[in-house]
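Asks: Input protein22.txt, format and content: compact mmCIF, C-alpha atoms and all ligand atoms.
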```txt
# COMPACT_ATOMS: atom_id res chain seq x y z
CA MET A 6 -182.26 29.87 10.35
CA THR A 7 -185.09 30.64 12.73
CA GLU A 8 -187.41 28.16 14.37
CA ALA A 9 -190.19 29.37 12.07
CA ASP A 10 -188.02 28.57 9.06
CA VAL A 11 -187.45 25.11 10.35
CA SER A 12 -191.10 24.27 10.83
CA ARG A 13 -192.15 26.02 7.63
CA GLY A 14 -189.90 26.03 4.64
CA THR A 15 -188.77 22.47 4.65
CA SER A 16 -191.30 20.49 2.70
CA GLY A 17 -189.52 21.09 -0.58
CA GLY A 18 -192.81 21.63 -2.41
CA PRO A 19 -193.51 23.99 -5.31
CA ALA A 20 -193.37 27.78 -4.89
CA PRO A 21 -196.36 29.15 -2.98
CA SER A 22 -199.38 30.07 -5.10
CA PRO A 23 -200.78 33.64 -4.97
CA GLY A 24 -203.37 32.64 -2.35
CA TRP A 25 -200.71 31.08 -0.14
CA THR A 26 -200.66 31.90 3.56
CA PRO A 27 -198.80 30.24 6.40
CA ILE A 28 -202.16 29.09 7.76
CA ALA A 29 -203.09 27.51 4.43
CA GLU A 30 -199.81 25.63 4.41
CA GLU A 31 -200.29 24.46 7.99
CA ALA A 32 -203.82 23.32 7.11
CA GLU A 33 -202.52 21.38 4.15
CA ARG A 34 -199.87 19.73 6.30
CA ALA A 35 -202.48 18.80 8.89
CA ALA A 36 -204.66 17.28 6.15
CA ARG A 37 -201.68 15.27 4.96
CA MET A 38 -201.10 13.96 8.47
CA ARG A 39 -204.74 12.94 8.86
CA HIS A 40 -204.97 11.18 5.53
CA PRO A 41 -201.50 9.84 4.81
CA ASP A 42 -202.90 7.31 2.33
CA ARG A 43 -203.95 10.15 0.02
CA TYR A 44 -200.47 11.62 0.02
CA ALA A 45 -198.46 8.58 -0.97
CA MET A 46 -194.69 8.93 -1.16
CA PRO A 47 -192.96 7.61 -4.26
CA ARG A 48 -191.35 4.19 -4.13
CA PRO A 49 -187.64 4.15 -4.93
CA ALA A 50 -186.36 3.27 -8.38
CA HIS A 51 -184.40 0.51 -6.65
CA ARG A 52 -184.61 -1.01 -3.22
CA ARG A 53 -182.54 1.11 -0.82
CA VAL A 54 -180.62 -0.19 2.16
CA LEU A 55 -179.55 2.58 4.55
CA THR A 56 -177.43 2.19 7.64
CA VAL A 57 -178.18 4.79 10.30
CA ALA A 58 -174.82 5.31 11.97
CA ASN A 59 -172.99 7.66 14.29
CA GLN A 60 -170.84 6.19 17.01
CA LYS A 61 -171.94 8.93 19.40
CA GLY A 62 -174.82 7.88 21.61
CA GLY A 63 -177.92 10.03 21.95
CA VAL A 64 -177.72 11.84 18.62
CA GLY A 65 -181.08 10.54 17.38
CA LYS A 66 -180.16 7.38 15.46
CA THR A 67 -182.96 5.26 16.87
CA THR A 68 -185.48 8.08 16.95
CA SER A 69 -184.75 8.93 13.33
CA THR A 70 -184.79 5.30 12.20
CA VAL A 71 -188.20 4.51 13.64
CA ASN A 72 -189.87 7.79 12.77
CA LEU A 73 -188.55 7.96 9.21
CA ALA A 74 -189.55 4.32 8.74
CA ALA A 75 -193.04 4.99 10.09
CA ALA A 76 -193.42 8.09 7.91
CA LEU A 77 -192.48 6.15 4.79
CA ALA A 78 -194.69 3.19 5.69
CA LEU A 79 -197.73 5.34 6.48
CA HIS A 80 -197.39 6.83 3.03
CA GLY A 81 -197.45 3.58 1.13
CA VAL A 82 -193.76 2.59 1.03
CA ARG A 83 -192.82 -0.77 2.53
CA VAL A 84 -190.00 -0.62 5.08
CA LEU A 85 -187.94 -3.06 7.11
CA VAL A 86 -186.20 -1.79 10.24
CA VAL A 87 -183.31 -3.92 11.46
CA ASP A 88 -182.59 -3.22 15.11
CA LEU A 89 -178.86 -3.76 15.52
CA ASP A 90 -178.51 -2.23 18.98
CA PRO A 91 -178.62 -4.70 21.91
CA GLN A 92 -180.62 -2.10 23.85
CA GLY A 93 -183.51 -2.82 21.48
CA ASN A 94 -184.85 0.74 21.59
CA ALA A 95 -186.02 0.65 17.98
CA SER A 96 -187.93 -2.57 18.68
CA THR A 97 -189.59 -0.92 21.69
CA ALA A 98 -190.61 2.19 19.76
CA LEU A 99 -192.13 -0.01 17.06
CA GLY A 100 -194.12 -2.05 19.58
CA VAL A 101 -192.20 -5.22 18.77
CA ASP A 102 -191.46 -7.88 21.39
CA HIS A 103 -187.75 -8.17 22.14
CA ARG A 104 -187.58 -10.18 25.32
CA ALA A 105 -184.73 -12.66 25.57
CA GLY A 106 -185.57 -15.74 23.53
CA THR A 107 -187.54 -13.88 20.85
CA PRO A 108 -186.26 -14.76 17.35
CA SER A 109 -184.10 -11.75 16.57
CA VAL A 110 -181.28 -10.32 14.52
CA TYR A 111 -178.84 -12.15 16.82
CA GLU A 112 -179.86 -15.64 15.65
CA ALA A 113 -179.96 -14.38 12.05
CA LEU A 114 -176.36 -13.07 12.35
CA LEU A 115 -175.24 -16.40 13.71
CA GLY A 116 -176.98 -18.12 10.78
CA GLU A 117 -179.24 -20.11 13.10
CA ILE A 118 -182.43 -18.77 11.55
CA SER A 119 -183.43 -16.89 8.42
CA LEU A 120 -184.14 -13.20 8.85
CA LEU A 121 -187.63 -14.06 7.58
CA GLU A 122 -188.31 -15.86 10.84
CA ALA A 123 -187.36 -12.83 12.90
CA ALA A 124 -189.12 -10.10 10.87
CA VAL A 125 -192.49 -9.14 12.38
CA PRO A 126 -195.04 -6.42 11.61
CA SER A 127 -194.77 -3.36 13.83
CA THR A 128 -197.65 -1.62 15.54
CA ALA A 129 -196.74 1.56 13.61
CA SER A 130 -198.02 0.29 10.25
CA PRO A 131 -198.66 -3.02 8.50
CA ASP A 132 -196.15 -1.84 5.90
CA LEU A 133 -193.43 -1.48 8.52
CA LEU A 134 -191.65 -4.67 9.52
CA CYS A 135 -189.04 -4.95 12.23
CA VAL A 136 -186.33 -7.44 13.04
CA PRO A 137 -185.94 -6.97 16.79
CA ALA A 138 -182.76 -6.98 18.85
CA THR A 139 -182.68 -8.84 22.13
CA ILE A 140 -180.11 -8.52 24.89
CA ASP A 141 -178.34 -11.57 23.38
CA LEU A 142 -176.96 -9.23 20.76
CA ALA A 143 -174.68 -7.72 23.41
CA GLY A 144 -172.54 -10.85 23.16
CA ALA A 145 -172.45 -10.84 19.37
CA GLU A 146 -169.72 -8.20 19.18
CA ILE A 147 -167.37 -10.74 20.77
CA GLU A 148 -168.86 -13.95 19.38
CA LEU A 149 -168.56 -12.68 15.83
CA VAL A 150 -164.82 -12.14 16.13
CA SER A 151 -163.95 -15.79 15.62
CA MET A 152 -166.53 -16.42 12.91
CA VAL A 153 -166.00 -16.93 9.20
CA ALA A 154 -166.89 -13.85 7.16
CA ARG A 155 -167.57 -12.02 10.37
CA GLU A 156 -168.10 -8.66 8.65
CA GLN A 157 -170.53 -10.10 6.10
CA ARG A 158 -173.03 -11.84 8.35
CA LEU A 159 -175.76 -9.20 8.14
CA LYS A 160 -175.31 -8.82 4.40
CA GLN A 161 -175.79 -12.56 4.01
CA ALA A 162 -178.90 -12.47 6.21
CA LEU A 163 -180.32 -9.57 4.19
CA SER A 164 -180.02 -11.44 0.90
CA PRO A 165 -181.95 -10.14 -2.15
CA ASP A 166 -184.12 -13.26 -1.91
CA VAL A 167 -185.07 -12.56 1.71
CA LEU A 168 -185.80 -8.91 0.91
CA ASP A 169 -187.89 -9.93 -2.10
CA GLN A 170 -189.94 -12.22 0.10
CA LEU A 171 -190.44 -9.47 2.66
CA ASP A 172 -191.36 -7.25 -0.29
CA VAL A 173 -189.75 -4.09 1.09
CA ASP A 174 -188.63 -0.91 -0.68
CA TYR A 175 -186.44 0.40 2.13
CA VAL A 176 -184.28 -1.24 4.77
CA LEU A 177 -183.15 0.97 7.66
CA ILE A 178 -180.52 -0.45 9.99
CA ASP A 179 -180.30 1.12 13.45
CA CYS A 180 -176.70 0.89 14.70
CA PRO A 181 -175.37 0.77 18.25
CA PRO A 182 -173.27 3.71 19.47
CA SER A 183 -169.89 2.21 18.59
CA LEU A 184 -167.75 1.41 15.58
CA GLY A 185 -167.46 -2.27 16.46
CA LEU A 186 -168.28 -5.36 14.43
CA LEU A 187 -172.04 -4.80 14.55
CA THR A 188 -171.68 -1.39 12.93
CA VAL A 189 -169.18 -2.80 10.43
CA ASN A 190 -171.74 -5.49 9.54
CA ALA A 191 -174.32 -2.76 8.98
CA LEU A 192 -171.89 -0.79 6.77
CA VAL A 193 -171.17 -3.89 4.70
CA ALA A 194 -174.88 -4.72 4.30
CA ALA A 195 -175.92 -1.29 2.99
CA ALA A 196 -175.10 0.90 0.02
CA GLU A 197 -176.00 4.09 1.84
CA VAL A 198 -175.21 5.65 5.20
CA LEU A 199 -177.60 8.05 6.90
CA ILE A 200 -175.84 10.07 9.59
CA PRO A 201 -177.97 11.88 12.16
CA ILE A 202 -176.16 14.88 13.60
CA GLN A 203 -177.35 16.57 16.75
CA CYS A 204 -177.38 20.38 16.60
CA GLU A 205 -175.32 20.63 19.79
CA TYR A 206 -171.86 21.30 21.09
CA TYR A 207 -169.30 18.74 19.89
CA ALA A 208 -171.76 17.62 17.21
CA LEU A 209 -168.96 17.17 14.72
CA GLU A 210 -166.58 15.57 17.14
CA GLY A 211 -166.00 11.97 16.18
CA LEU A 212 -167.48 12.48 12.73
CA GLY A 213 -164.04 12.28 11.15
CA GLN A 214 -163.54 8.89 12.71
CA LEU A 215 -166.90 7.67 11.40
CA LEU A 216 -166.09 8.95 7.91
CA SER A 217 -162.69 7.28 7.87
CA ASN A 218 -164.28 4.01 8.99
CA ILE A 219 -166.75 4.33 6.15
CA ASP A 220 -163.78 4.89 3.78
CA LEU A 221 -162.08 1.79 5.13
CA VAL A 222 -165.17 -0.35 4.68
CA ARG A 223 -165.60 1.06 1.17
CA SER A 224 -162.07 0.21 0.12
CA HIS A 225 -161.94 -3.25 1.64
CA LEU A 226 -165.44 -4.65 1.98
CA ASN A 227 -168.15 -2.71 0.17
CA THR A 228 -167.25 -0.55 -2.84
CA SER A 229 -170.77 0.86 -3.20
CA LEU A 230 -170.91 2.35 0.30
CA HIS A 231 -171.43 6.11 0.47
CA VAL A 232 -172.89 8.72 2.80
CA SER A 233 -176.12 9.59 1.00
CA THR A 234 -178.03 11.40 3.71
CA ILE A 235 -177.33 13.61 6.71
CA LEU A 236 -180.17 14.59 9.02
CA LEU A 237 -179.84 17.41 11.55
CA THR A 238 -181.69 16.52 14.73
CA MET A 239 -182.71 18.11 18.02
CA TYR A 240 -182.57 21.62 16.60
CA ASP A 241 -183.30 24.21 19.24
CA GLY A 242 -184.17 27.50 17.57
CA ARG A 243 -183.53 29.44 20.77
CA THR A 244 -179.81 28.83 20.63
CA LYS A 245 -177.29 30.45 18.32
CA LEU A 246 -175.25 27.31 18.55
CA ALA A 247 -177.89 25.27 16.71
CA ASP A 248 -177.65 27.67 13.76
CA GLN A 249 -173.87 27.53 13.81
CA VAL A 250 -173.90 23.74 13.71
CA THR A 251 -176.50 23.66 10.92
CA SER A 252 -174.59 26.04 8.69
CA GLU A 253 -171.27 24.35 9.39
CA VAL A 254 -172.70 20.95 8.47
CA ARG A 255 -174.36 22.31 5.34
CA GLN A 256 -171.15 24.04 4.27
CA HIS A 257 -169.18 20.89 4.73
CA PHE A 258 -171.58 18.29 3.34
CA GLY A 259 -173.69 20.32 0.89
CA GLY A 260 -176.61 18.60 -0.80
CA VAL A 261 -176.25 15.39 1.17
CA VAL A 262 -177.84 17.21 4.13
CA LEU A 263 -181.64 17.06 4.12
CA ARG A 264 -183.29 20.48 4.05
CA THR A 265 -185.66 19.39 6.79
CA VAL A 266 -184.27 19.79 10.29
CA ILE A 267 -185.82 17.86 13.19
CA PRO A 268 -186.65 20.24 16.07
CA ARG A 269 -186.06 19.33 19.67
CA SER A 270 -189.51 18.37 20.90
CA VAL A 271 -190.80 16.81 24.07
CA LYS A 272 -193.34 14.76 22.09
CA VAL A 273 -190.53 13.05 20.20
CA SER A 274 -188.87 11.96 23.42
CA GLU A 275 -192.13 10.91 25.09
CA ALA A 276 -193.36 8.62 22.30
CA PRO A 277 -191.07 5.61 22.93
CA GLY A 278 -192.32 5.51 26.53
CA TYR A 279 -195.66 4.47 25.04
CA SER A 280 -194.05 2.01 22.60
CA GLN A 281 -194.98 4.36 19.79
CA THR A 282 -193.44 6.49 17.10
CA VAL A 283 -194.13 10.21 17.39
CA LEU A 284 -196.31 9.88 14.29
CA ALA A 285 -198.68 7.66 16.25
CA TYR A 286 -198.26 9.41 19.60
CA ASP A 287 -198.92 12.95 18.37
CA PRO A 288 -199.32 13.10 14.59
CA GLY A 289 -199.84 16.85 14.47
CA SER A 290 -196.78 17.74 16.55
CA ARG A 291 -193.86 19.57 15.01
CA GLY A 292 -191.61 16.60 15.59
CA SER A 293 -193.96 14.26 13.78
CA MET A 294 -194.47 16.61 10.85
CA SER A 295 -190.74 17.19 10.51
CA TYR A 296 -190.09 13.46 10.29
CA VAL A 297 -192.75 13.21 7.58
CA ASP A 298 -191.07 16.06 5.68
CA ALA A 299 -187.66 14.42 6.03
CA ALA A 300 -189.07 11.07 4.85
CA ARG A 301 -190.67 12.79 1.87
CA GLU A 302 -187.27 14.22 0.88
CA ILE A 303 -185.69 10.79 1.22
CA ALA A 304 -188.45 9.21 -0.85
CA ALA A 305 -188.12 11.89 -3.55
CA ARG A 306 -184.37 11.23 -3.79
CA GLY A 307 -185.02 7.50 -3.99
CA ALA A 308 -187.53 7.93 -6.79
CA ALA A 309 -185.08 10.11 -8.71
CA MET A 310 -182.26 7.59 -8.41
CA GLY A 311 -181.35 6.30 -11.84
CA ALA A 312 -179.88 2.89 -12.49
CA ASP A 313 -176.34 4.26 -12.56
CA SER A 314 -176.52 6.50 -9.50
CA ALA A 315 -177.79 3.61 -7.40
CA ALA A 316 -174.81 1.36 -8.05
CA GLY A 317 -174.83 -1.57 -5.72
CA VAL A 318 -178.46 -1.19 -4.76
CA GLU A 319 -180.38 -4.30 -5.61
CA THR A 320 -183.28 -4.03 -7.96
CA ASN A 321 -186.70 -4.41 -6.55
CA GLY A 322 -188.52 -7.14 -8.35
CA ARG A 323 -191.99 -6.14 -7.17
N1 LIG B 1 -186.02 15.66 18.24
C1 LIG B 1 -185.92 15.28 19.51
N2 LIG B 1 -186.43 16.04 20.50
C2 LIG B 1 -186.34 15.67 21.79
N3 LIG B 1 -185.74 14.55 22.22
C3 LIG B 1 -185.20 13.75 21.28
C4 LIG B 1 -185.25 14.07 19.88
N4 LIG B 1 -184.62 13.08 19.20
C5 LIG B 1 -184.20 12.19 20.11
N5 LIG B 1 -184.55 12.58 21.36
C6 LIG B 1 -184.26 11.90 22.62
O1 LIG B 1 -182.85 11.87 22.80
C7 LIG B 1 -182.44 10.63 23.33
C8 LIG B 1 -181.43 9.97 22.38
O2 LIG B 1 -182.06 9.67 21.14
P1 LIG B 1 -181.81 8.29 20.41
O3 LIG B 1 -182.60 8.32 19.16
O4 LIG B 1 -182.06 7.16 21.35
O5 LIG B 1 -180.27 8.40 20.08
P2 LIG B 1 -179.24 7.28 19.63
O6 LIG B 1 -180.02 6.16 19.02
O7 LIG B 1 -178.34 7.98 18.65
O8 LIG B 1 -178.50 6.86 20.86
C9 LIG B 1 -183.69 9.79 23.51
O9 LIG B 1 -184.12 9.92 24.84
C10 LIG B 1 -184.68 10.44 22.57
O10 LIG B 1 -186.02 10.27 23.02
MG MG B 2 -180.04 4.11 19.54
```
As a first step, turn the structure in this file into structure tokens.
Ligand SMILES: Nc1ncnc2c1ncn2[C@@H]1O[C@H](COP(=O)(O)OP(=O)(O)O)[C@@H](O)[C@H]1O
Ligand SMILES: [Mg+2]

Replies:
Amino acid sequence: MTEADVSRGTSGGPAPSPGWTPIAEEAERAARMRHPDRYAMPRPAHRRVLTVANQKGGVGKTTSTVNLAAALALHGVRVLVVDLDPQGNASTALGVDHRAGTPSVYEALLGEISLLEAAVPSTASPDLLCVPATIDLAGAEIELVSMVAREQRLKQALSPDVLDQLDVDYVLIDCPPSLGLLTVNALVAAAEVLIPIQCEYYALEGLGQLLSNIDLVRSHLNTSLHVSTILLTMYDGRTKLADQVTSEVRQHFGGVVLRTVIPRSVKVSEAPGYSQTVLAYDPGSRGSMSYVDAAREIAARGAAMGADSAAGVETNGR
């Protein structure tokens, strides 16, 4: 796949009409970025809870969580991001306060507060809420060990009642780079796993371990858990390696892999420095548009989910 393919043929739309030109398509994309409200994405048939996991650091978990969430929210879908990484990078990118002492996911895991008290609107969109992570969460991995139902704490905090009150269609949980208790909590709280895979050397290293952990959680703690989505990130069209990784992942995981690939882009990495998503920082950039395309694919899958294929996903009473 060439770089042009990546930035072009990924929107999954209908076949080009006779008057179609690449410029016309780019113009349409630009119009969509300028007026997201006119290009609403479909709400899911059922509320979806996705855990964004990969125990490797730096593969694009946080970046994908916040930008997919922003893309959905800017197109009329209500989203909750749960920041489950003590570094609080997702909170930062969403412009949400996460200084020590801020009501956060930590107190909610410990059962000291309701998640409702910690969820706040982000600066990315009024339809995007975030439960921040403070540095206190760093201790949770150890503190949870001696607790009752230690693997179920996040699931309990994200009860259907709480999610109904927050009135969200999607919950995205941003995991830390480990397979510890925090990640296990995230895997127990969700029906779906979204795995970002970096188009780099050793991209697949460690994936087996993640998949076997997911299997373990499925057999012991959460029968509805499955890998529903894989997103290829940081694609660099100049390298052969990126193409090798993409085709290997597609061969192995088939239709679970989103057709949209996120290119490596400086804008994507600059945005968090301004406490912004790339959609706010540079809406017309390739990185921003790719995240919108990826979110549109996710939304389309969610809308197509029938009652039986979404086993374990709570119904959305809205
Ligand atoms: N598409 C991209 N292009 C360029 N840089 C990226 C891209 N995606 C992520 N990054 C950068 O790579 C680093 C790791 O990404 P991050 O999302 O924090 O990974 P993780 O959450 O898996 O540790 C960050 O500095 C981020 O800004
Ligand atoms: Mg991260």

Asks: Name each residue within 9 Å of ligand MG 2 (chain B), counting all atoms listed in the file, as a ChimeraX atom specification.

Replies: /A:62-68,70,88-90,92-95,179-182

Asks: So that all listed atoms of ligand LIG 1 (chain B) fit with 6 Å spare on each side, what axis-aligned box centre and edge lengths in Å, to one decimal, would you give as AutoDock Vina command-line options?

Replies:
```
--center_x -182.4 --center_y 11.1 --center_z 21.5 --size_x 20.1 --size_y 21.9 --size_z 18.6
```

Asks: Grab the atom CA of Leu216 of chain A to atom CA of Ala78 of chain A distance for me, in Å with one decimal place.

Replies: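 Atom CA of Ala78 of chain A lies at a distance of 29.3 Å from atom CA of Leu216 of chain A.
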
Asks: So that I can see what lies close to segment 207-215 of chain A, please list as a list in words the residues with an atom at most 9 Å from it, counting all atoms listed in the file and leaving out residues fewer than 2 positions away in the same chain.

Replies: Ala58, Asn59, Gln60, Lys61, Val64, Leu184, Ile202, Gln203, Cys204, Glu205, Ser217, Asn218, Ile219, Asp220, Val250 and Val254 of chain A

Asks: Which of these residues is nearest to Leu114 of chain A, using all atoms listed in the file: A:Ile147, A:Leu79, A:Ala162, A:Cys135?

Replies: A:Ala162

Asks: Residues at most 12 Å from Ala154 of chain A, counting only C-alpha atoms, excluding those fewer than 2 positions away in the same chain, as a PyMOL selection string?

Replies: chain A and resi 114-116+149-152+156-161+186+189-190+193+226

Asks: Ranking A:Val271, A:Leu177, A:Ala143, A:Ala195 by minimum distance to ligand LIG 1 (chain B) and counting all atoms listed in the file, which one comes first?

Replies: A:Val271

Asks: Write out as number ranges by chain the residues lying within 9 Å of Asp141 of chain A, counting only C-alpha atoms and excluding same-chain residues fewer than 4 positions away.

Replies: A: 91, 105-106, 109, 111-112, 145

Asks: Any idea what the distance is between atom CA of Thr56 of chain A and atom CA of Glu117 of chain A?

Replies: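 So the answer is 23.0 Å.
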
Asks: Have a look at A:Asp287, A:Asp298, A:Asp241, A:Asp248 and name the one nearest to ligand LIG 1 (chain B); count all atoms listed in the file.

Replies: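 Checking each of A:Asp287, A:Asp298, A:Asp241, A:Asp248 against ligand LIG 1 (chain B), counting all atoms listed in the file, the winner is A:Asp241.
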
Asks: What gap, in Å, lies between atom O10 of ligand LIG 1 (chain B) and atom CA of Pro201 of chain A?

Replies: 13.6 Å

Asks: Looking at only C-alpha atoms and all ligand atoms, which of A:Glu197, A:Asp169, A:Glu275, A:Glu33 is the one that sits closest to ligand LIG 1 (chain B)?

Replies: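 Closest to ligand LIG 1 (chain B), using only C-alpha atoms and all ligand atoms: A:Glu275.
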
Asks: Which of these residues is nearest to ligand LIG 1 (chain B), using only C-alpha atoms and all ligand atoms: A:Leu171, A:Val71, A:Ala129, A:Val198?

Replies: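 Using only C-alpha atoms and all ligand atoms, the shortest distance to ligand LIG 1 (chain B) belongs to A:Val71.
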
Asks: Go through A:Ala123, A:Ala276, A:Ala285, A:Met294 one by one, measure the shortest atom-to-atom distance of each to ligand LIG 1 (chain B) using all atoms listed in the file, and give the residue with the smallest value.

Replies: A:Ala276
